[in-house]
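Shown here: my_file36.txt, compact mmCIF, C-alpha atoms.
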# COMPACT_ATOMS: atom_id res chain seq x y z
CA MET Q 1 -24.60 24.64 -21.37
CA PHE Q 2 -25.97 24.20 -17.83
CA LYS Q 3 -23.01 23.66 -15.45
CA TRP Q 4 -24.74 21.17 -13.17
CA LYS Q 5 -21.62 20.26 -11.18
CA GLU Q 6 -20.96 23.86 -10.18
CA TYR Q 7 -24.71 24.24 -9.39
CA ILE Q 8 -24.61 21.26 -7.00
CA ILE Q 9 -21.43 22.48 -5.25
CA ASP Q 10 -22.89 26.00 -4.92
CA LYS Q 11 -26.06 24.56 -3.37
CA LEU Q 12 -24.05 22.48 -0.89
CA ILE Q 13 -22.07 25.59 0.12
CA LEU Q 14 -25.23 27.71 0.31
CA TYR Q 15 -26.92 25.27 2.72
CA LYS Q 16 -23.66 25.09 4.73
CA VAL Q 17 -23.33 21.32 4.12
CA ILE Q 18 -19.71 21.79 2.99
CA PRO Q 19 -17.27 24.63 3.77
CA GLN Q 20 -16.28 27.07 0.99
CA GLU Q 21 -12.56 26.16 1.43
CA GLU Q 22 -13.25 22.53 0.48
CA ALA Q 23 -15.20 23.34 -2.70
CA ASP Q 24 -12.24 22.13 -4.83
CA VAL Q 25 -12.20 18.73 -3.14
CA TYR Q 26 -15.93 18.23 -3.63
CA GLN Q 27 -15.70 19.47 -7.22
CA PHE Q 28 -13.02 16.85 -7.85
CA GLY Q 29 -15.11 14.15 -6.12
CA LEU Q 30 -18.18 15.05 -8.20
CA ASP Q 31 -16.08 15.02 -11.37
CA CYS Q 32 -14.81 11.52 -10.57
CA LEU Q 33 -18.27 10.28 -9.60
CA SER Q 34 -19.89 11.51 -12.82
CA LEU Q 35 -17.08 9.97 -14.92
CA LYS Q 36 -17.41 6.66 -13.07
CA LEU Q 37 -21.18 6.56 -13.63
CA LEU Q 38 -20.87 7.39 -17.32
CA HIS Q 39 -18.20 4.75 -17.88
CA CYS Q 40 -19.96 2.04 -15.85
CA ILE Q 41 -23.26 2.55 -17.66
CA SER Q 42 -21.46 2.43 -21.03
CA TYR Q 43 -19.58 -0.77 -20.16
CA LEU Q 44 -22.77 -2.44 -18.91
CA LEU Q 45 -24.56 -1.47 -22.13
CA ILE Q 46 -21.70 -2.92 -24.21
CA ALA Q 47 -21.84 -6.14 -22.19
CA VAL Q 48 -25.63 -6.37 -22.50
CA CYS Q 49 -25.40 -5.87 -26.29
CA LEU Q 50 -22.79 -8.62 -26.53
CA LYS Q 51 -24.81 -10.77 -24.08
CA LEU Q 52 -21.70 -11.09 -21.91
CA LEU Q 53 -22.82 -9.35 -18.72
CA PRO Q 54 -21.73 -12.09 -16.24
CA GLU Q 55 -18.35 -12.23 -18.05
CA LEU Q 56 -17.91 -8.48 -17.65
CA ILE Q 57 -18.66 -8.71 -13.92
CA ILE Q 58 -16.05 -11.45 -13.37
CA ILE Q 59 -13.40 -9.67 -15.46
CA ALA Q 60 -14.15 -6.38 -13.67
CA CYS Q 61 -13.70 -8.04 -10.24
CA VAL Q 62 -10.07 -8.72 -11.22
CA LEU Q 63 -9.32 -5.79 -13.54
CA ILE Q 64 -10.68 -2.93 -11.41
CA PRO Q 65 -8.58 -3.51 -8.25
CA LEU Q 66 -5.48 -4.40 -10.31
CA ARG Q 67 -5.80 -1.37 -12.54
CA ARG Q 68 -6.45 1.03 -9.66
CA ASN Q 69 -3.21 -0.03 -8.00
CA ALA Q 70 -0.97 -0.87 -10.94
CA GLY Q 71 -1.89 2.15 -13.07
CA GLY Q 72 -1.45 2.11 -16.84
CA TYR Q 73 -2.41 3.87 -20.04
CA HIS Q 74 -4.71 6.93 -20.01
CA ALA Q 75 -5.67 8.92 -23.08
CA ARG Q 76 -4.99 12.65 -22.92
CA THR Q 77 -8.55 13.94 -23.34
CA ARG Q 78 -11.91 13.03 -21.75
CA LEU Q 79 -13.44 12.01 -25.06
CA GLY Q 80 -10.32 10.08 -26.06
CA CYS Q 81 -10.35 8.23 -22.75
CA TYR Q 82 -14.03 7.43 -23.06
CA LEU Q 83 -13.71 6.10 -26.62
CA PHE Q 84 -10.56 4.17 -25.81
CA SER Q 85 -12.06 2.56 -22.70
CA CYS Q 86 -15.28 1.54 -24.50
CA CYS Q 87 -13.24 -0.03 -27.32
CA PHE Q 88 -10.97 -1.70 -24.78
CA VAL Q 89 -13.91 -3.22 -22.87
CA PHE Q 90 -15.47 -4.38 -26.16
CA PHE Q 91 -12.18 -5.97 -27.20
CA ILE Q 92 -11.68 -7.73 -23.84
CA LEU Q 93 -15.22 -9.13 -23.90
CA VAL Q 94 -14.82 -10.40 -27.47
CA VAL Q 95 -11.49 -12.08 -26.59
CA SER Q 96 -13.05 -13.66 -23.50
CA ALA Q 97 -15.77 -15.23 -25.67
CA ILE Q 98 -13.29 -16.84 -28.10
CA ASN Q 99 -12.73 -20.55 -27.59
CA MET Q 100 -8.96 -20.77 -27.19
CA ASN Q 101 -6.55 -23.54 -26.33
CA GLN Q 102 -5.68 -23.85 -22.64
CA ASN Q 103 -1.99 -23.31 -23.50
CA VAL Q 104 -2.85 -19.88 -24.93
CA TRP Q 105 -4.58 -18.88 -21.67
CA TRP Q 106 -1.72 -20.15 -19.53
CA SER Q 107 0.85 -18.36 -21.72
CA ALA Q 108 -1.14 -15.13 -21.36
CA PHE Q 109 -1.31 -15.78 -17.60
CA VAL Q 110 2.47 -16.17 -17.24
CA LEU Q 111 3.30 -13.25 -19.54
CA SER Q 112 0.82 -10.93 -17.77
CA ASN Q 113 2.28 -11.81 -14.39
CA VAL Q 114 5.79 -11.00 -15.60
CA ILE Q 115 4.62 -7.68 -17.10
CA ILE Q 116 2.69 -6.58 -14.00
CA PHE Q 117 5.51 -7.65 -11.68
CA SER Q 118 8.14 -5.72 -13.63
CA LEU Q 119 6.20 -2.57 -14.56
CA CYS Q 120 3.74 -1.71 -11.79
CA PRO Q 121 2.91 0.88 -10.64
CA LEU Q 122 2.92 3.38 -13.51
CA ASP Q 123 1.79 6.94 -12.89
CA ASN Q 124 0.37 9.45 -15.38
CA GLU Q 125 0.56 13.19 -16.10
CA ASN Q 126 -2.34 14.13 -13.84
CA LYS Q 127 -1.29 11.91 -10.97
CA LYS Q 128 2.43 11.63 -10.32
CA LEU Q 129 3.37 9.11 -7.63
CA ASP Q 130 6.04 9.83 -5.03
CA LEU Q 131 8.33 7.12 -3.59
CA ASN Q 132 5.99 6.38 -0.70
CA GLU Q 133 2.99 6.00 -2.99
CA ARG Q 134 4.95 3.81 -5.41
CA LYS Q 135 5.90 1.37 -2.63
CA HIS Q 136 2.33 1.34 -1.29
CA PHE Q 137 0.62 0.76 -4.63
CA ARG Q 138 3.19 -1.78 -5.80
CA LYS Q 139 2.65 -3.82 -2.64
CA LYS Q 140 -1.13 -3.67 -3.02
CA ALA Q 141 -1.02 -4.51 -6.75
CA LEU Q 142 1.19 -7.54 -6.13
CA TYR Q 143 -1.08 -8.80 -3.32
CA ILE Q 144 -4.09 -8.50 -5.66
CA LEU Q 145 -2.15 -10.22 -8.46
CA LEU Q 146 -1.19 -13.09 -6.16
CA SER Q 147 -4.81 -13.48 -5.03
CA ALA Q 148 -5.97 -13.56 -8.67
CA ASP Q 149 -3.26 -16.14 -9.49
CA PHE Q 150 -4.29 -18.26 -6.54
CA GLY Q 151 -7.92 -17.95 -7.63
CA SER Q 152 -7.04 -19.11 -11.16
CA ILE Q 153 -5.30 -22.19 -9.80
CA ILE Q 154 -8.21 -23.07 -7.51
CA LEU Q 155 -10.69 -22.61 -10.38
CA THR Q 156 -8.57 -24.91 -12.57
CA MET Q 157 -8.59 -27.57 -9.85
CA LEU Q 158 -12.37 -27.24 -9.60
CA HIS Q 159 -12.62 -27.64 -13.42
CA LEU Q 160 -14.29 -24.20 -13.75
CA TYR Q 161 -12.26 -23.44 -16.87
CA HIS Q 162 -14.50 -20.71 -18.29
CA VAL Q 163 -14.40 -18.69 -15.05
CA ARG Q 164 -10.64 -19.25 -14.81
CA ASN Q 165 -10.23 -17.93 -18.36
CA LEU Q 166 -12.19 -14.80 -17.41
CA VAL Q 167 -9.91 -14.21 -14.41
CA ILE Q 168 -6.87 -14.59 -16.68
CA CYS Q 169 -8.54 -12.17 -19.10
CA GLY Q 170 -8.79 -9.59 -16.32
CA ILE Q 171 -5.12 -10.04 -15.40
CA SER Q 172 -4.07 -9.82 -19.06
CA ALA Q 173 -6.16 -6.67 -19.57
CA ALA Q 174 -4.33 -4.96 -16.68
CA ALA Q 175 -0.98 -6.05 -18.12
CA LEU Q 176 -1.95 -4.79 -21.59
CA LEU Q 177 -2.76 -1.34 -20.17
CA LEU Q 178 0.69 -1.19 -18.57
CA VAL Q 179 2.36 -2.14 -21.87
CA LEU Q 180 0.29 0.49 -23.74
CA HIS Q 181 1.39 3.10 -21.20
CA LYS Q 182 5.05 2.22 -21.75
CA ILE Q 183 4.68 2.32 -25.53
CA SER Q 184 2.91 5.69 -25.36
CA ASP Q 185 5.61 7.01 -23.01
CA LEU Q 186 8.43 5.90 -25.35
CA TRP Q 187 6.57 7.32 -28.35
CA ASN Q 188 6.09 10.69 -26.58
CA ARG Q 189 9.74 10.74 -25.46
CA LYS Q 190 10.87 9.96 -29.03
CA ALA Q 191 8.57 12.69 -30.37
CA ILE Q 192 9.95 15.17 -27.77
CA ASP Q 193 13.57 14.22 -28.59
CA GLU Q 194 12.93 14.70 -32.32
CA PHE Q 195 11.28 18.06 -31.64
CA ILE Q 196 14.28 19.19 -29.56
CA ASN Q 197 16.68 18.01 -32.29
CA VAL Q 198 14.74 19.98 -34.93
CA LEU Q 199 14.83 23.10 -32.69
CA LEU Q 200 18.60 22.75 -32.13
CA GLN Q 201 19.17 22.24 -35.85
CA LYS Q 202 17.14 25.35 -36.71
CA SER Q 203 18.97 27.45 -34.11
CA ARG Q 204 22.38 26.33 -35.53
CA ASP Q 205 21.25 27.19 -39.08
CA PHE Q 206 20.09 30.60 -37.84
CA MET X 1 -40.38 18.08 7.03
CA ARG X 2 -39.45 19.12 3.49
CA GLU X 3 -36.49 21.13 4.74
CA GLN X 4 -35.30 18.20 6.84
CA LEU X 5 -35.52 15.89 3.83
CA LYS X 6 -33.55 18.38 1.75
CA LYS X 7 -30.87 18.62 4.46
CA VAL X 8 -30.60 14.83 4.76
CA SER X 9 -30.37 14.30 1.01
CA MET X 10 -27.67 16.99 0.75
CA ASP X 11 -25.72 15.39 3.62
CA VAL X 12 -25.88 12.00 1.89
CA ALA X 13 -24.85 13.53 -1.44
CA SER X 14 -21.87 15.33 0.12
CA LYS X 15 -20.73 12.10 1.84
CA ILE X 16 -20.94 10.16 -1.46
CA ILE X 17 -18.99 12.88 -3.28
CA LEU X 18 -16.31 13.03 -0.55
CA ASN X 19 -16.05 9.24 -0.56
CA SER X 20 -15.52 9.30 -4.32
CA ALA X 21 -12.72 11.88 -3.96
CA GLN X 22 -11.13 9.85 -1.16
CA LYS X 23 -11.14 6.67 -3.29
CA GLU X 24 -9.40 8.44 -6.17
CA VAL X 25 -6.75 10.04 -3.98
CA ASN X 26 -5.99 6.60 -2.49
CA SER X 27 -5.56 4.79 -5.81
CA ALA X 28 -2.75 4.89 -8.39
CA CYS X 29 -5.07 5.88 -11.20
CA PHE X 30 -8.66 6.29 -12.26
CA PHE X 31 -10.19 3.11 -13.59
CA LEU X 32 -10.24 3.28 -17.42
CA GLY X 33 -11.58 6.79 -17.63
CA TYR X 34 -10.05 10.24 -17.85
CA GLN X 35 -7.77 10.98 -14.88
CA PRO X 36 -8.89 14.37 -13.50
CA GLN X 37 -6.16 16.51 -11.92
CA ILE X 38 -6.14 16.19 -8.13
CA PRO X 39 -6.45 19.54 -6.31
CA LYS X 40 -3.82 20.24 -3.60
CA ALA X 41 -6.54 20.41 -0.94
CA ALA X 42 -7.57 16.79 -1.72
CA LYS X 43 -4.14 15.43 -0.70
CA LYS X 44 -5.19 15.54 2.96
CA LEU X 45 -7.61 12.67 2.12
CA ARG X 46 -4.61 10.34 1.69
CA LYS X 47 -4.78 7.41 4.10
CA PHE X 48 -1.14 6.33 3.94
Represent the structure contained in this file as structure tokens.
Amino acid sequence: MFKWKEYIIDKLILYKVIPQEEADVYQFGLDCLSLKLLHCISYLLIAVCLKLLPELIIIACVLIPLRRNAGGYHARTRLGCYLFSCCFVFFILVVSAINMNQNVWWSAFVLSNVIIFSLCPLDNENKKLDLNERKHFRKKALYILLSADFGSIILTMLHLYHVRNLVICGISAAALLLVLHKISDLWNRKAIDEFINVLLQKSRDF
Amino acid sequence: MREQLKKVSMDVASKIILNSAQKEVNSACFFLGYQPQIPKAAKKLRKF
């Protein structure tokens, strides 16, 4: 298979656009860029198929900054992450299109705020956060959350209920990802504990 | 002219790629996709 990323980095080094020592950094940047493009195109296609493109844009305006600062669930493999994220976006769009009682939206709003306030930020295997980073991202996530909350209240006062529901959807999606991360963490810890217990048992028997 | 265009397009591409790396280093996690491992050399891109 043609390794296009390595080809691009090699060309940039060959034409002395980037130094050899920074090849890793640019490789990482290109990796992230290609993943972002693939995911964005997929989400836009899903939204176009569901005829919910404006809804996706509004939800993304809230979810993207919140998620990037609060962290949350990530699948372990590239394919797993891709499939999970496409299903997640599909699910969020479908929920946003359902005609629900205002009380349901407000309950989701309050619950999501509590979850994000108590859990954020959550790191993952490939990006562990130190104390400094935790303080920084927590502060940013809470500022974004407060802005989204304020926006929801203003939209309610302006009677723009559909847009307000989409904002709440974005906040709830971020909260759901945090909860999924916690569940996955507990599940992995339980699985690890069981594995260690089995090993200890076997060593005693031996 | 062709060489100049090549140089300019490579410069732009390298800036976009570096900007992408910088954004990821300065966020808690990758948005909804696979979180690639951050190389040690990329930590100097941290802004805080």
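The closest residue to chain X, picked from Q:Leu63, Q:Leu177, Q:Val25, Q:Ile8 and counting all atoms listed in the file, is Q:Val25.
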Proximal residues of chain Q relative to chain X (only C-alpha atoms; 7 Å) as an mmCIF file with C-alpha atoms, in the coordinates of the input:
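Contents of selection27.cif, as written:
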data_model
loop_
_atom_site.group_PDB
_atom_site.id
_atom_site.type_symbol
_atom_site.label_atom_id
_atom_site.label_comp_id
_atom_site.auth_asym_id
_atom_site.auth_seq_id
_atom_site.Cartn_x
_atom_site.Cartn_y
_atom_site.Cartn_z
ATOM 1 C CA LEU Q 12 -24.050 22.480 -0.890
ATOM 2 C CA VAL Q 17 -23.330 21.320 4.120
ATOM 3 C CA ASP Q 24 -12.240 22.130 -4.830
ATOM 4 C CA VAL Q 25 -12.200 18.730 -3.140
ATOM 5 C CA TYR Q 26 -15.930 18.230 -3.630
ATOM 6 C CA PHE Q 28 -13.020 16.850 -7.850
ATOM 7 C CA GLY Q 29 -15.110 14.150 -6.120
ATOM 8 C CA LEU Q 30 -18.180 15.050 -8.200
ATOM 9 C CA CYS Q 32 -14.810 11.520 -10.570
ATOM 10 C CA LEU Q 33 -18.270 10.280 -9.600
ATOM 11 C CA LEU Q 35 -17.080 9.970 -14.920
ATOM 12 C CA HIS Q 39 -18.200 4.750 -17.880
ATOM 13 C CA ILE Q 64 -10.680 -2.930 -11.410
ATOM 14 C CA ARG Q 67 -5.800 -1.370 -12.540
ATOM 15 C CA ARG Q 68 -6.450 1.030 -9.660
ATOM 16 C CA ASN Q 69 -3.210 -0.030 -8.000
ATOM 17 C CA ALA Q 70 -0.970 -0.870 -10.940
ATOM 18 C CA GLY Q 71 -1.890 2.150 -13.070
ATOM 19 C CA HIS Q 74 -4.710 6.930 -20.010
ATOM 20 C CA ALA Q 75 -5.670 8.920 -23.080
ATOM 21 C CA THR Q 77 -8.550 13.940 -23.340
ATOM 22 C CA ARG Q 78 -11.910 13.030 -21.750
ATOM 23 C CA CYS Q 81 -10.350 8.230 -22.750
ATOM 24 C CA TYR Q 82 -14.030 7.430 -23.060
ATOM 25 C CA SER Q 85 -12.060 2.560 -22.700
ATOM 26 C CA ASP Q 123 1.790 6.940 -12.890
ATOM 27 C CA ASN Q 126 -2.340 14.130 -13.840
ATOM 28 C CA LYS Q 127 -1.290 11.910 -10.970
ATOM 29 C CA PHE Q 137 0.620 0.760 -4.630
#
Closest to Phe84 in chain Q among Q:Trp187, Q:Ile171, Q:Arg134, Q:Leu180, using only C-alpha atoms?
Q:Leu180
Which residue out of Q:Ile13, Q:Ile58, Q:Ala108, Q:Leu66 has the minimum interatomic distance to Leu178 in chain Q when all atoms listed in the file are used?
Q:Leu66
Selection near Val110 in chain Q, 10 Å with all atoms listed in the file, sequence-local residues under 6 positions removed, as JSON, numbers by chain
{"Q": [149, 168, 171, 172]}
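Those residues that approach His181 in chain Q to within 9 Å, counting all atoms listed in the file, are Gly71, Gly72, Tyr73, His74, Leu122, Asn124, Leu176, Leu177, Asp185 and Leu186 of chain Q; same-chain residues fewer than 4 positions away are not listed.
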Å distance separating CA of Phe91 in chain Q from CA of Phe150 in chain Q, one decimal place
25.3 Å
Just the residues within 10 Å of range 152-167 of chain Q, please, counting only C-alpha atoms, with nothing from its chain fewer than 4 positions along; format it as a list in words.
Pro54, Glu55, Leu56, Ile57, Ile58, Ile59, Ala60, Cys61, Val62, Leu63, Ile92, Leu93, Val95, Ser96, Ala97, Asn99, Met100, Gln102, Trp105, Trp106, Ala108, Phe109, Leu146, Ser147, Ala148, Ile171, Ser172 and Ala173 of chain Q
Atoms to include: C-alpha atoms. Write the selected residues as a PDB file, in the frame of the given file.
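Saved as result-v5.pdb:
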ATOM      1  CA  PRO Q  54     -21.730 -12.090 -16.240  1.00  0.00           C
ATOM      2  CA  GLU Q  55     -18.350 -12.230 -18.050  1.00  0.00           C
ATOM      3  CA  LEU Q  56     -17.910  -8.480 -17.650  1.00  0.00           C
ATOM      4  CA  ILE Q  57     -18.660  -8.710 -13.920  1.00  0.00           C
ATOM      5  CA  ILE Q  58     -16.050 -11.450 -13.370  1.00  0.00           C
ATOM      6  CA  ILE Q  59     -13.400  -9.670 -15.460  1.00  0.00           C
ATOM      7  CA  ALA Q  60     -14.150  -6.380 -13.670  1.00  0.00           C
ATOM      8  CA  CYS Q  61     -13.700  -8.040 -10.240  1.00  0.00           C
ATOM      9  CA  VAL Q  62     -10.070  -8.720 -11.220  1.00  0.00           C
ATOM     10  CA  LEU Q  63      -9.320  -5.790 -13.540  1.00  0.00           C
ATOM     11  CA  ILE Q  92     -11.680  -7.730 -23.840  1.00  0.00           C
ATOM     12  CA  LEU Q  93     -15.220  -9.130 -23.900  1.00  0.00           C
ATOM     13  CA  VAL Q  95     -11.490 -12.080 -26.590  1.00  0.00           C
ATOM     14  CA  SER Q  96     -13.050 -13.660 -23.500  1.00  0.00           C
ATOM     15  CA  ALA Q  97     -15.770 -15.230 -25.670  1.00  0.00           C
ATOM     16  CA  ASN Q  99     -12.730 -20.550 -27.590  1.00  0.00           C
ATOM     17  CA  MET Q 100      -8.960 -20.770 -27.190  1.00  0.00           C
ATOM     18  CA  GLN Q 102      -5.680 -23.850 -22.640  1.00  0.00           C
ATOM     19  CA  TRP Q 105      -4.580 -18.880 -21.670  1.00  0.00           C
ATOM     20  CA  TRP Q 106      -1.720 -20.150 -19.530  1.00  0.00           C
ATOM     21  CA  ALA Q 108      -1.140 -15.130 -21.360  1.00  0.00           C
ATOM     22  CA  PHE Q 109      -1.310 -15.780 -17.600  1.00  0.00           C
ATOM     23  CA  LEU Q 146      -1.190 -13.090  -6.160  1.00  0.00           C
ATOM     24  CA  SER Q 147      -4.810 -13.480  -5.030  1.00  0.00           C
ATOM     25  CA  ALA Q 148      -5.970 -13.560  -8.670  1.00  0.00           C
ATOM     26  CA  ILE Q 171      -5.120 -10.040 -15.400  1.00  0.00           C
ATOM     27  CA  SER Q 172      -4.070  -9.820 -19.060  1.00  0.00           C
ATOM     28  CA  ALA Q 173      -6.160  -6.670 -19.570  1.00  0.00           C
TER      29      ALA Q 173
END
Final N, CA and C atoms of range 8-30 of chain X as a PDB file, in the coordinates of the input:
ATOM      1  N   VAL X   8     -31.097  16.209   4.703  1.00  0.00           N
ATOM      2  CA  VAL X   8     -30.600  14.830   4.760  1.00  0.00           C
ATOM      3  C   VAL X   8     -30.058  14.397   3.401  1.00  0.00           C
ATOM      4  N   SER X   9     -30.812  14.711   2.351  1.00  0.00           N
ATOM      5  CA  SER X   9     -30.370  14.300   1.010  1.00  0.00           C
ATOM      6  C   SER X   9     -29.069  15.014   0.622  1.00  0.00           C
ATOM      7  N   MET X  10     -28.913  16.255   1.044  1.00  0.00           N
ATOM      8  CA  MET X  10     -27.670  16.990   0.750  1.00  0.00           C
ATOM      9  C   MET X  10     -26.502  16.409   1.536  1.00  0.00           C
ATOM     10  N   ASP X  11     -26.768  16.008   2.788  1.00  0.00           N
ATOM     11  CA  ASP X  11     -25.720  15.390   3.620  1.00  0.00           C
ATOM     12  C   ASP X  11     -25.234  14.103   2.970  1.00  0.00           C
ATOM     13  N   VAL X  12     -26.203  13.290   2.531  1.00  0.00           N
ATOM     14  CA  VAL X  12     -25.880  12.000   1.890  1.00  0.00           C
ATOM     15  C   VAL X  12     -25.069  12.247   0.611  1.00  0.00           C
ATOM     16  N   ALA X  13     -25.536  13.212  -0.180  1.00  0.00           N
ATOM     17  CA  ALA X  13     -24.850  13.530  -1.440  1.00  0.00           C
ATOM     18  C   ALA X  13     -23.408  13.976  -1.183  1.00  0.00           C
ATOM     19  N   SER X  14     -23.225  14.821  -0.172  1.00  0.00           N
ATOM     20  CA  SER X  14     -21.870  15.330   0.120  1.00  0.00           C
ATOM     21  C   SER X  14     -20.961  14.184   0.597  1.00  0.00           C
ATOM     22  N   LYS X  15     -21.536  13.246   1.357  1.00  0.00           N
ATOM     23  CA  LYS X  15     -20.730  12.100   1.840  1.00  0.00           C
ATOM     24  C   LYS X  15     -20.327  11.219   0.661  1.00  0.00           C
ATOM     25  N   ILE X  16     -21.255  10.991  -0.277  1.00  0.00           N
ATOM     26  CA  ILE X  16     -20.940  10.160  -1.460  1.00  0.00           C
ATOM     27  C   ILE X  16     -19.843  10.831  -2.286  1.00  0.00           C
ATOM     28  N   ILE X  17     -19.969  12.152  -2.463  1.00  0.00           N
ATOM     29  CA  ILE X  17     -18.990  12.880  -3.280  1.00  0.00           C
ATOM     30  C   ILE X  17     -17.607  12.837  -2.605  1.00  0.00           C
ATOM     31  N   LEU X  18     -17.588  13.043  -1.279  1.00  0.00           N
ATOM     32  CA  LEU X  18     -16.310  13.030  -0.550  1.00  0.00           C
ATOM     33  C   LEU X  18     -15.679  11.644  -0.602  1.00  0.00           C
ATOM     34  N   ASN X  19     -16.520  10.608  -0.496  1.00  0.00           N
ATOM     35  CA  ASN X  19     -16.050   9.240  -0.560  1.00  0.00           C
ATOM     36  C   ASN X  19     -15.416   8.939  -1.917  1.00  0.00           C
ATOM     37  N   SER X  20     -16.034   9.477  -2.962  1.00  0.00           N
ATOM     38  CA  SER X  20     -15.520   9.300  -4.320  1.00  0.00           C
ATOM     39  C   SER X  20     -14.137   9.963  -4.454  1.00  0.00           C
ATOM     40  N   ALA X  21     -14.013  11.173  -3.902  1.00  0.00           N
ATOM     41  CA  ALA X  21     -12.720  11.880  -3.960  1.00  0.00           C
ATOM     42  C   ALA X  21     -11.658  11.116  -3.176  1.00  0.00           C
ATOM     43  N   GLN X  22     -12.068  10.600  -2.017  1.00  0.00           N
ATOM     44  CA  GLN X  22     -11.130   9.850  -1.160  1.00  0.00           C
ATOM     45  C   GLN X  22     -10.612   8.613  -1.885  1.00  0.00           C
ATOM     46  N   LYS X  23     -11.533   7.902  -2.571  1.00  0.00           N
ATOM     47  CA  LYS X  23     -11.140   6.670  -3.290  1.00  0.00           C
ATOM     48  C   LYS X  23     -10.113   6.998  -4.372  1.00  0.00           C
ATOM     49  N   GLU X  24     -10.312   8.091  -5.086  1.00  0.00           N
ATOM     50  CA  GLU X  24      -9.400   8.440  -6.170  1.00  0.00           C
ATOM     51  C   GLU X  24      -8.050   8.874  -5.663  1.00  0.00           C
ATOM     52  N   VAL X  25      -8.027   9.586  -4.544  1.00  0.00           N
ATOM     53  CA  VAL X  25      -6.750  10.040  -3.980  1.00  0.00           C
ATOM     54  C   VAL X  25      -5.940   8.823  -3.492  1.00  0.00           C
ATOM     55  N   ASN X  26      -6.657   7.793  -3.022  1.00  0.00           N
ATOM     56  CA  ASN X  26      -5.990   6.600  -2.490  1.00  0.00           C
ATOM     57  C   ASN X  26      -5.837   5.474  -3.498  1.00  0.00           C
ATOM     58  N   SER X  27      -5.867   5.801  -4.788  1.00  0.00           N
ATOM     59  CA  SER X  27      -5.560   4.790  -5.810  1.00  0.00           C
ATOM     60  C   SER X  27      -4.543   5.365  -6.793  1.00  0.00           C
ATOM     61  N   ALA X  28      -3.820   4.454  -7.482  1.00  0.00           N
ATOM     62  CA  ALA X  28      -2.750   4.890  -8.390  1.00  0.00           C
ATOM     63  C   ALA X  28      -3.294   5.613  -9.609  1.00  0.00           C
ATOM     64  N   CYS X  29      -4.472   5.196 -10.059  1.00  0.00           N
ATOM     65  CA  CYS X  29      -5.070   5.880 -11.200  1.00  0.00           C
ATOM     66  C   CYS X  29      -6.560   5.611 -11.264  1.00  0.00           C
ATOM     67  N   PHE X  30      -7.227   6.433 -12.041  1.00  0.00           N
ATOM     68  CA  PHE X  30      -8.660   6.290 -12.260  1.00  0.00           C
ATOM     69  C   PHE X  30      -8.891   5.070 -13.141  1.00  0.00           C
TER      70      PHE X  30
END
